[in-house]
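Visitor: Please find one structure pasted underneath; my questions will follow.
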Amino acid sequence: MAGSGIAHLRADEKRALTVENLVVEFPVTGGVVHAVSDLSIDVLPGETLGILGESGCGKSSAGRALMQLPAPTSGRVLLGDAELTALKKNDMRRARAKMQMIMQDPVSALNPRRKVKDLVAEGLEVWGFEGKDRAKFVDDLLSSVGLDPAVVRDRRPHELSGGQCQRVCIARSLALDPDVLICDEPVSSLDVSVQAQVLNLLEETRERYDLSMIFIAHDVAVVKNISDRVMVMYLGKTCEVIPSDDMQNKALHPYTRLLLASVPSAADAQARAAGEATAEAPVKDVELPSPLNPPSGCRFRTRCPLATEQCAAEEPVLREMRPGQFVACHNVSA
Amino acid sequence: MTSESKSPILVVENLRTVFHTPRGDVRAVDGVSFELRPGETLGLVGESGSGKSVLGRTVMGLISNDARTTVTGKVTLGGVDVHGVKRAVRRKLWGTEVAMVFQDPMTSLNPVKRIGTHLTETLRFHLRCTRKEAEERAVELLTQVGIPEPKRRMRQYPHEMSGGMRQRVVIAMALACDPRLLIADEPTTALDVTVQKQILDLLGNLTTERDMATVLVSHDLGAVAGRTDRVQVMYAGRTVEQGRTSEVFAAPTHPYTDALLASIPQIENAPHSLLRAIEGNPPDMANPPGGCRFAPRCGYADTTCTSDLPLLQPLAGPGRSVACHHPLLAGAAPVGSEHTHGR
C-alpha cells in the first residue's frame, strides 16, 4: 500500500536515528494486524521526538520495532550509520547497548529478586566495565537520578515506590552510555506529583548525557512539554508532524485537533456551561476501526468531520504546510 | 444554583475507615464530612493512596464493619443510616438509591454473560418486572447512554465491545433502577482521551437530566475541574481543602492543592520547561507522620505543622474551607518556593 511519504525527513547528514518505511504486522487467525504501516522518523542528536496517539495506534509497536524487539516486518532502522535491520545477531546485540528503552510499568520491568545495585550494573556485567571502581560508578548513577545510593543500593524493587522504580530503570538505561533513549509511556503509571519528578529527571538527563529521545505517550500535554517535534499517529499511520511549540494553536490535521479538543480543562467546561458551541466540527461518534481491516484511503476518514469521497479512494501523503509542519490530509490548507 | 434549596440526599459525618492489617492499623479515611444535594456533582481528587476510592466505597456501604475493618462516623443516604442497618436493608439501597461505576469496565462485566442479561438481571431483581418489560427498559437504557443499534448489542458479549462502549454499558447498568446518587470511581482512567471526553459528557448530561447527585472520584484534576460543582481534595485520608470547584482551582489555599496543580504539565507550557514537582512520596498510611500529613513534603511547614494536626477552617466563599496552619491567601509570598521546585 502507498505510504504517508517521507516529506518530513530532514536532509541533515548527521542523524542519531533514521527510520524509513517501517512496517510492523502481526499475523493472527483470520488476517494480519497492521500495527504500523509505513512510518518514517528522523531524530537529530540531542533532539526529542514525541509520538502521540491513542491505544492501538501502533506507537508502542513502533518503539519496540526500533529496538528490533521483534524486528519489523519491513523497513530500515539506522542508528547513526549502522543499519540495525541488516545486522547479524551478534552485531545487533552490540548495537543495542547504544539504544535503551524505558518501559511503562517500572515495577514489572525490574527483576524482583535482584538488588538495585545489581540491576543497575547488569549491563556493565554483560559488557565489562572499563574503570576502576564499579560500585562507585553505580552509586554515582543512582545519585544522578535522584536516589540516595546508601538507602536504595541494597533494596529490592518491592521495597521501592513506583516513582523510585522508574528512577532505577532510568539509571539502568544510562549505565552503558546510550545515544538514543526510547521511552514508552514512562509516566502513565505514576501519580501526578511523581510524574512531574520523573519528567523533570528525563529532561535533565537528556541534557546532561546529550541523548536523543523518542518519547511515546498518549497525554497531549506531557508529550508537548518534553518534545521538540511531535508526531501524531492514528491506526499505524502518521497524521501530522509538528514542532511542539505550534501544537496548541497551529495543528491542522482533524485528528490532532480532536485530541487537543478532548483534553479536559476548566475553560472547556465554562464554555459548555455558557452554552457556547465548541468551535470544532463534531466528530462522528463511531468506534476505532479494527487494525485487522483498516479503512481504505485515509484511515481516519470513518471518524473525520471533513471526509469526502477522495479520502476513501486516495491515501493522503504528508505535505509541508508550514516550515517544519507536515500534514497527511486532503482537506486542510495552511 | 437551585440545588441549594433541596434537602441533601447524602450526609457524611466524620467518617473513618480503618483497616486492621498485620502491619498495623491503616486509617484509609480519617474523619471526612460532606453533604450532597440532588443535581449536584462533587469531585473527590487525590493521588493513589489518598483514600478517595475507599471513601466512595464506604459511603456506598461496600466497605463496612467486619473483622478486619472498623467504620466509625455516620453515612446517611436517603434517610437511611448505611452502616447502622442490616446487610439485607443496605442491599435494597444499592441500585435504587445509590449505584456505582468502576474504573475498569472489563472487570465490572461478566465475560460469559450477554450485555442484555447484565441489564435485565438488575431490573428484574430490583424492580420485579417481567422479562419482556425488562428487555424493553434495557433497550431504552442503552439508547440513553448513546449505544447505536441497542437491540443487536443486547445479544453481544462484553469482549465484542470496545472499552468506551463497555463503560457505557456499565453506566446503563448503574442507571437501571433510577438511583438518586451515582458514585463514579475513576470512570475514565482506563479509556482513551477522545473516549474519556464522551463518557464525561454523558455522565454530566445524565446528572442534569435525572436530577441525580454524582460523586466523581478521580486523580485527573483536569477531568474534575470541568465537570463538578464542588471539589474535595484528599491527602492521606483527610480532606485538605474543599469548596466550589472553580474557586478552589482558581485560587488554591492549601499548599498541597497548589503544588498538585502546578505539577501537571499544561499544554500552554513552553517545550522543555521544568515542572514544579512535589518532592518525596505520599506517606505510609500504616504509619502516617504526626501533625499535618503533608508537612514532610511541604515548602511552608514549620514546627507547628509537625506537631499539630490542622483542622478544616472555614474561609470566605460558600462551603470553602482548608486544613492548614499556613493557608496560601491572596498576596502571601511563597516561603521557600525553591524547595518545592523540581531538582
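Ordering of the C-alpha cells sets the chain letters (A, B, ...); residue numbers start at 1 within each chain; ligands are numbered from 1 in the order shown.
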For chain A, report every residue with an atom at most 8 Å from chain B (counting only C-alpha atoms), formatted as an mmCIF file with N, CA and C atoms, in the first residue's frame.
Guide:
```
data_model
loop_
_atom_site.group_PDB
_atom_site.id
_atom_site.type_symbol
_atom_site.label_atom_id
_atom_site.label_comp_id
_atom_site.auth_asym_id
_atom_site.auth_seq_id
_atom_site.Cartn_x
_atom_site.Cartn_y
_atom_site.Cartn_z
ATOM 1 N N GLU A 54 -3.572 7.327 20.491
ATOM 2 C CA GLU A 54 -4.389 6.589 21.437
ATOM 3 C C GLU A 54 -3.977 5.132 21.451
ATOM 4 N N SER A 55 -4.567 4.356 22.362
ATOM 5 C CA SER A 55 -4.193 2.942 22.416
ATOM 6 C C SER A 55 -4.582 2.283 21.094
ATOM 7 N N ASP A 191 1.727 8.559 39.754
ATOM 8 C CA ASP A 191 0.858 9.621 40.264
ATOM 9 C C ASP A 191 1.298 10.987 39.750
ATOM 10 N N VAL A 192 0.372 11.932 39.748
ATOM 11 C CA VAL A 192 0.675 13.252 39.189
ATOM 12 C C VAL A 192 1.926 13.883 39.792
ATOM 13 N N SER A 193 2.035 13.863 41.116
ATOM 14 C CA SER A 193 3.166 14.560 41.737
ATOM 15 C C SER A 193 4.477 13.855 41.393
ATOM 16 N N VAL A 194 4.429 12.519 41.294
ATOM 17 C CA VAL A 194 5.632 11.753 40.974
ATOM 18 C C VAL A 194 5.936 11.855 39.480
ATOM 19 N N ALA A 196 5.612 14.421 37.632
ATOM 20 C CA ALA A 196 6.373 15.649 37.399
ATOM 21 C C ALA A 196 7.846 15.447 37.733
ATOM 22 N N GLN A 197 8.119 14.719 38.824
ATOM 23 C CA GLN A 197 9.522 14.457 39.194
ATOM 24 C C GLN A 197 10.229 13.688 38.077
ATOM 25 N N LEU A 199 9.394 13.363 34.862
ATOM 26 C CA LEU A 199 9.519 14.158 33.633
ATOM 27 C C LEU A 199 10.689 15.128 33.743
ATOM 28 N N ASN A 200 10.810 15.792 34.889
ATOM 29 C CA ASN A 200 11.935 16.703 35.095
ATOM 30 C C ASN A 200 13.257 15.956 34.998
ATOM 31 N N LEU A 201 13.289 14.754 35.596
ATOM 32 C CA LEU A 201 14.511 13.966 35.577
ATOM 33 C C LEU A 201 14.889 13.584 34.143
ATOM 34 N N GLU A 203 14.140 15.120 31.406
ATOM 35 C CA GLU A 203 14.569 16.331 30.718
ATOM 36 C C GLU A 203 16.025 16.664 31.073
ATOM 37 N N HIS A 218 0.371 9.007 25.489
ATOM 38 C CA HIS A 218 -0.968 9.316 24.992
ATOM 39 C C HIS A 218 -1.441 10.664 25.513
ATOM 40 N N ASP A 219 -0.664 11.280 26.423
ATOM 41 C CA ASP A 219 -1.097 12.515 27.060
ATOM 42 C C ASP A 219 -0.549 13.714 26.283
ATOM 43 N N VAL A 220 -1.451 14.498 25.701
ATOM 44 C CA VAL A 220 -1.046 15.586 24.813
ATOM 45 C C VAL A 220 -0.116 16.563 25.527
ATOM 46 N N ALA A 221 -0.483 16.968 26.755
ATOM 47 C CA ALA A 221 0.300 17.981 27.451
ATOM 48 C C ALA A 221 1.687 17.459 27.815
ATOM 49 N N VAL A 222 1.751 16.199 28.242
ATOM 50 C CA VAL A 222 3.037 15.613 28.614
ATOM 51 C C VAL A 222 3.966 15.583 27.399
ATOM 52 N N LYS A 224 3.819 17.338 24.651
ATOM 53 C CA LYS A 224 4.167 18.678 24.204
ATOM 54 C C LYS A 224 5.276 19.264 25.067
ATOM 55 N N ASN A 225 5.193 19.028 26.380
ATOM 56 C CA ASN A 225 6.159 19.620 27.297
ATOM 57 C C ASN A 225 7.571 19.098 27.113
ATOM 58 N N ILE A 226 7.712 17.851 26.674
ATOM 59 C CA ILE A 226 9.055 17.267 26.679
ATOM 60 C C ILE A 226 9.684 17.219 25.283
ATOM 61 N N SER A 227 8.876 17.415 24.224
ATOM 62 C CA SER A 227 9.386 17.154 22.879
ATOM 63 C C SER A 227 9.782 18.421 22.125
ATOM 64 N N ASP A 228 10.643 18.222 21.116
ATOM 65 C CA ASP A 228 10.919 19.284 20.151
ATOM 66 C C ASP A 228 9.936 19.182 18.994
ATOM 67 N N SER A 244 6.630 21.156 18.573
ATOM 68 C CA SER A 244 5.727 21.100 19.720
ATOM 69 C C SER A 244 5.247 22.489 20.138
ATOM 70 N N ASP A 245 6.033 23.508 19.801
ATOM 71 C CA ASP A 245 5.618 24.884 20.087
ATOM 72 C C ASP A 245 4.298 25.250 19.403
ATOM 73 N N GLN A 248 -0.379 23.599 20.113
ATOM 74 C CA GLN A 248 -1.641 24.035 20.688
ATOM 75 C C GLN A 248 -2.494 24.833 19.707
ATOM 76 N N LEU A 258 -8.853 16.894 17.191
ATOM 77 C CA LEU A 258 -9.759 16.134 18.065
ATOM 78 C C LEU A 258 -9.066 15.807 19.384
ATOM 79 N N LEU A 259 -7.798 15.382 19.293
ATOM 80 C CA LEU A 259 -7.051 15.067 20.513
ATOM 81 C C LEU A 259 -6.944 16.301 21.398
ATOM 82 N N SER A 262 -10.091 17.123 23.128
ATOM 83 C CA SER A 262 -10.553 16.162 24.120
ATOM 84 C C SER A 262 -9.893 16.335 25.468
ATOM 85 N N VAL A 263 -8.822 17.120 25.543
ATOM 86 C CA VAL A 263 -8.141 17.304 26.819
ATOM 87 C C VAL A 263 -9.092 18.034 27.758
ATOM 88 N N PRO A 264 -9.461 17.390 28.872
ATOM 89 C CA PRO A 264 -10.413 18.070 29.752
ATOM 90 C C PRO A 264 -9.771 19.287 30.409
ATOM 91 N N SER A 265 -10.483 20.383 30.417
ATOM 92 C CA SER A 265 -9.945 21.566 31.069
ATOM 93 C C SER A 265 -11.088 22.411 31.593
ATOM 94 N N ALA A 266 -10.750 23.282 32.496
ATOM 95 C CA ALA A 266 -11.770 24.122 33.107
ATOM 96 C C ALA A 266 -12.381 25.067 32.069
ATOM 97 N N ALA A 267 -11.551 25.579 31.173
ATOM 98 C CA ALA A 267 -12.027 26.543 30.179
ATOM 99 C C ALA A 267 -13.098 25.918 29.285
ATOM 100 N N ASP A 268 -12.843 24.660 28.902
ATOM 101 C CA ASP A 268 -13.759 23.962 28.013
ATOM 102 C C ASP A 268 -15.111 23.780 28.702
ATOM 103 N N ALA A 269 -15.069 23.542 30.028
ATOM 104 C CA ALA A 269 -16.311 23.351 30.766
ATOM 105 C C ALA A 269 -17.084 24.662 30.901
ATOM 106 N N GLN A 270 -16.353 25.753 31.106
ATOM 107 C CA GLN A 270 -17.020 27.052 31.216
ATOM 108 C C GLN A 270 -17.736 27.396 29.919
ATOM 109 N N GLU A 287 -16.737 3.819 16.561
ATOM 110 C CA GLU A 287 -15.614 3.166 17.207
ATOM 111 C C GLU A 287 -14.376 3.178 16.324
#
```
Visitor: Could you list, as a VMD selection string, every residue within 10 Å of Glu140 (chain B), counting only C-alpha atoms and ignoring same-chain residues fewer than 6 positions away?
Guide: chain B and resid 134 150 to 151 172 176
Visitor: With N, CA and C atoms retained, export the selected residues as a short mmCIF file (atom, residue, chain, number, x, y, z; two decimals), in the first residue's frame.
Guide:
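Wrote it out as again.cif, contents follow:
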```
data_model
loop_
_atom_site.label_atom_id
_atom_site.label_comp_id
_atom_site.auth_asym_id
_atom_site.auth_seq_id
_atom_site.Cartn_x
_atom_site.Cartn_y
_atom_site.Cartn_z
N ALA B 134 -38.48 -5.87 31.22
CA ALA B 134 -37.07 -5.65 31.50
C ALA B 134 -36.30 -5.45 30.20
N PRO B 150 -29.02 -0.68 19.78
CA PRO B 150 -29.10 -1.34 21.09
C PRO B 150 -29.62 -2.77 21.03
N LYS B 151 -30.52 -3.07 20.09
CA LYS B 151 -31.11 -4.42 20.04
C LYS B 151 -30.03 -5.46 19.71
N ALA B 172 -25.13 2.30 31.98
CA ALA B 172 -26.54 1.94 31.81
C ALA B 172 -27.00 1.02 32.94
N ALA B 176 -29.97 1.72 35.81
CA ALA B 176 -31.14 0.90 35.52
C ALA B 176 -32.31 1.16 36.47
#
```
Visitor: Between CA of His118 (chain B) and CA of Leu206 (chain B), measure the distance and give it in Å to one decimal.
Guide: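 Taking CA of His118 (chain B) as the start and CA of Leu206 (chain B) as the end point, the length is 20.1 Å.
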Visitor: Pull the strand (DSSP E) assignments for region 151-205 of chain B out of DSSP run on the backbone, and list those residues as a VMD selection string.
Guide: chain B and resid 181 to 185
Visitor: Report the residues of region 76-235 of chain A whose backbone DSSP state falls under alpha helix (DSSP H), written as a PyMOL selection string.
Guide: chain A and resi 89-96+116-127+134-144+149-152+162-174+192-209+220-226
Visitor: Store the residues of this selection in a file with C-alpha atoms, as an mmCIF file, in the first residue's frame.
Guide:
```
data_model
loop_
_atom_site.group_PDB
_atom_site.id
_atom_site.type_symbol
_atom_site.label_atom_id
_atom_site.label_comp_id
_atom_site.auth_asym_id
_atom_site.auth_seq_id
_atom_site.Cartn_x
_atom_site.Cartn_y
_atom_site.Cartn_z
ATOM 1 C CA LYS A 89 22.538 -11.305 15.695
ATOM 2 C CA ASN A 90 25.837 -10.644 17.500
ATOM 3 C CA ASP A 91 26.360 -7.233 15.919
ATOM 4 C CA MET A 92 22.800 -6.378 16.845
ATOM 5 C CA ARG A 93 23.489 -7.247 20.478
ATOM 6 C CA ARG A 94 26.430 -4.868 20.416
ATOM 7 C CA ALA A 95 24.456 -2.083 18.772
ATOM 8 C CA ARG A 96 21.561 -2.460 21.161
ATOM 9 C CA VAL A 116 19.059 -2.249 42.960
ATOM 10 C CA LYS A 117 22.854 -2.112 42.669
ATOM 11 C CA ASP A 118 22.869 -5.362 40.645
ATOM 12 C CA LEU A 119 20.003 -4.218 38.454
ATOM 13 C CA VAL A 120 21.809 -1.014 37.560
ATOM 14 C CA ALA A 121 25.104 -2.843 36.991
ATOM 15 C CA GLU A 122 23.596 -5.590 34.833
ATOM 16 C CA GLY A 123 24.653 -4.003 31.560
ATOM 17 C CA LEU A 124 28.154 -3.407 32.898
ATOM 18 C CA GLU A 125 28.341 -7.055 33.895
ATOM 19 C CA VAL A 126 27.469 -8.142 30.369
ATOM 20 C CA TRP A 127 29.710 -5.714 28.524
ATOM 21 C CA ARG A 134 32.314 -0.131 39.532
ATOM 22 C CA ALA A 135 30.488 0.279 42.850
ATOM 23 C CA LYS A 136 31.211 4.000 42.823
ATOM 24 C CA PHE A 137 30.062 4.297 39.211
ATOM 25 C CA VAL A 138 26.749 2.667 40.159
ATOM 26 C CA ASP A 139 26.398 4.944 43.195
ATOM 27 C CA ASP A 140 27.013 7.990 41.003
ATOM 28 C CA LEU A 141 24.371 6.828 38.561
ATOM 29 C CA LEU A 142 21.883 6.365 41.395
ATOM 30 C CA SER A 143 22.604 9.856 42.733
ATOM 31 C CA SER A 144 22.237 11.349 39.270
ATOM 32 C CA PRO A 149 22.668 5.250 46.997
ATOM 33 C CA ALA A 150 23.177 4.419 50.676
ATOM 34 C CA VAL A 151 19.430 3.899 51.112
ATOM 35 C CA VAL A 152 18.422 2.094 47.933
ATOM 36 C CA GLY A 162 6.657 3.220 41.532
ATOM 37 C CA GLY A 163 8.455 6.525 41.048
ATOM 38 C CA GLN A 164 11.642 5.192 42.631
ATOM 39 C CA CYS A 165 11.485 2.070 40.437
ATOM 40 C CA GLN A 166 11.202 4.287 37.359
ATOM 41 C CA ARG A 167 14.310 6.168 38.537
ATOM 42 C CA VAL A 168 16.146 2.832 38.834
ATOM 43 C CA CYS A 169 15.048 1.975 35.272
ATOM 44 C CA ILE A 170 16.420 5.301 34.068
ATOM 45 C CA ALA A 171 19.732 4.729 35.895
ATOM 46 C CA ARG A 172 19.914 1.254 34.359
ATOM 47 C CA SER A 173 19.404 2.588 30.882
ATOM 48 C CA LEU A 174 22.135 5.202 31.368
ATOM 49 C CA VAL A 192 0.675 13.252 39.189
ATOM 50 C CA SER A 193 3.166 14.560 41.737
ATOM 51 C CA VAL A 194 5.632 11.753 40.974
ATOM 52 C CA GLN A 195 5.031 12.095 37.229
ATOM 53 C CA ALA A 196 6.373 15.649 37.399
ATOM 54 C CA GLN A 197 9.522 14.457 39.194
ATOM 55 C CA VAL A 198 10.209 11.788 36.549
ATOM 56 C CA LEU A 199 9.519 14.158 33.633
ATOM 57 C CA ASN A 200 11.935 16.703 35.095
ATOM 58 C CA LEU A 201 14.511 13.966 35.577
ATOM 59 C CA LEU A 202 14.179 12.780 31.969
ATOM 60 C CA GLU A 203 14.569 16.331 30.718
ATOM 61 C CA GLU A 204 17.711 16.910 32.799
ATOM 62 C CA THR A 205 19.149 13.515 31.900
ATOM 63 C CA ARG A 206 18.722 14.188 28.208
ATOM 64 C CA GLU A 207 20.607 17.452 28.564
ATOM 65 C CA ARG A 208 23.365 16.103 30.761
ATOM 66 C CA TYR A 209 24.076 12.967 28.727
ATOM 67 C CA VAL A 220 -1.046 15.586 24.813
ATOM 68 C CA ALA A 221 0.300 17.981 27.451
ATOM 69 C CA VAL A 222 3.037 15.613 28.614
ATOM 70 C CA VAL A 223 4.263 15.000 25.063
ATOM 71 C CA LYS A 224 4.167 18.678 24.204
ATOM 72 C CA ASN A 225 6.159 19.620 27.297
ATOM 73 C CA ILE A 226 9.055 17.267 26.679
#
```
Visitor: Might you pull out every residue within 10 Å of Pro72 (chain A), with only C-alpha atoms counted and same-chain residues fewer than 5 positions away left off, and present them as a list in words?
Guide: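 Returned residues: Leu22, Val23, Val24, Glu25, Phe26, Val36, Ser61, Ala62, Arg64, Ala65, Leu66, Met67, Val77 and Thr85 of chain A.
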Visitor: Could you check how far CA of Val230 (chain A) sits from CA of Arg303 (chain A), in Å to one decimal?
Guide: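 Interatomic distance, CA of Val230 (chain A) to CA of Arg303 (chain A): 21.8 Å.
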Visitor: What does the distance from CA of Phe102 (chain B) to CA of Pro38 (chain B) come to in Å, to one decimal?
Guide: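 Going from CA of Phe102 (chain B) over to CA of Pro38 (chain B) covers 21.1 Å.
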Visitor: Report as a list in words all protein, DNA and RNA residues lying within 9 Å of Arg68 (chain B), evaluated on only C-alpha atoms, omitting residues in the same chain fewer than 5 positions from it.
Guide: Val18, Phe19, His20 and Thr21 of chain B
Visitor: Take the residues from that selection and put them in a file with N, CA and C atoms, as a CSV table (one decimal), in the first residue's frame.
Guide:
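Contents of the output file result_17.csv:
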```
chain,number,residue,atom,x,y,z
B,18,VAL,N,-11.0,2.3,59.0
B,18,VAL,CA,-9.7,1.8,59.5
B,18,VAL,C,-9.6,0.3,59.1
B,19,PHE,N,-8.5,0.0,58.4
B,19,PHE,CA,-8.3,-1.4,58.1
B,19,PHE,C,-7.2,-2.0,59.1
B,20,HIS,N,-7.5,-3.1,59.7
B,20,HIS,CA,-6.6,-3.7,60.6
B,20,HIS,C,-5.7,-4.7,59.8
B,21,THR,N,-4.5,-4.3,59.6
B,21,THR,CA,-3.6,-5.2,58.8
B,21,THR,C,-2.4,-5.7,59.7
```
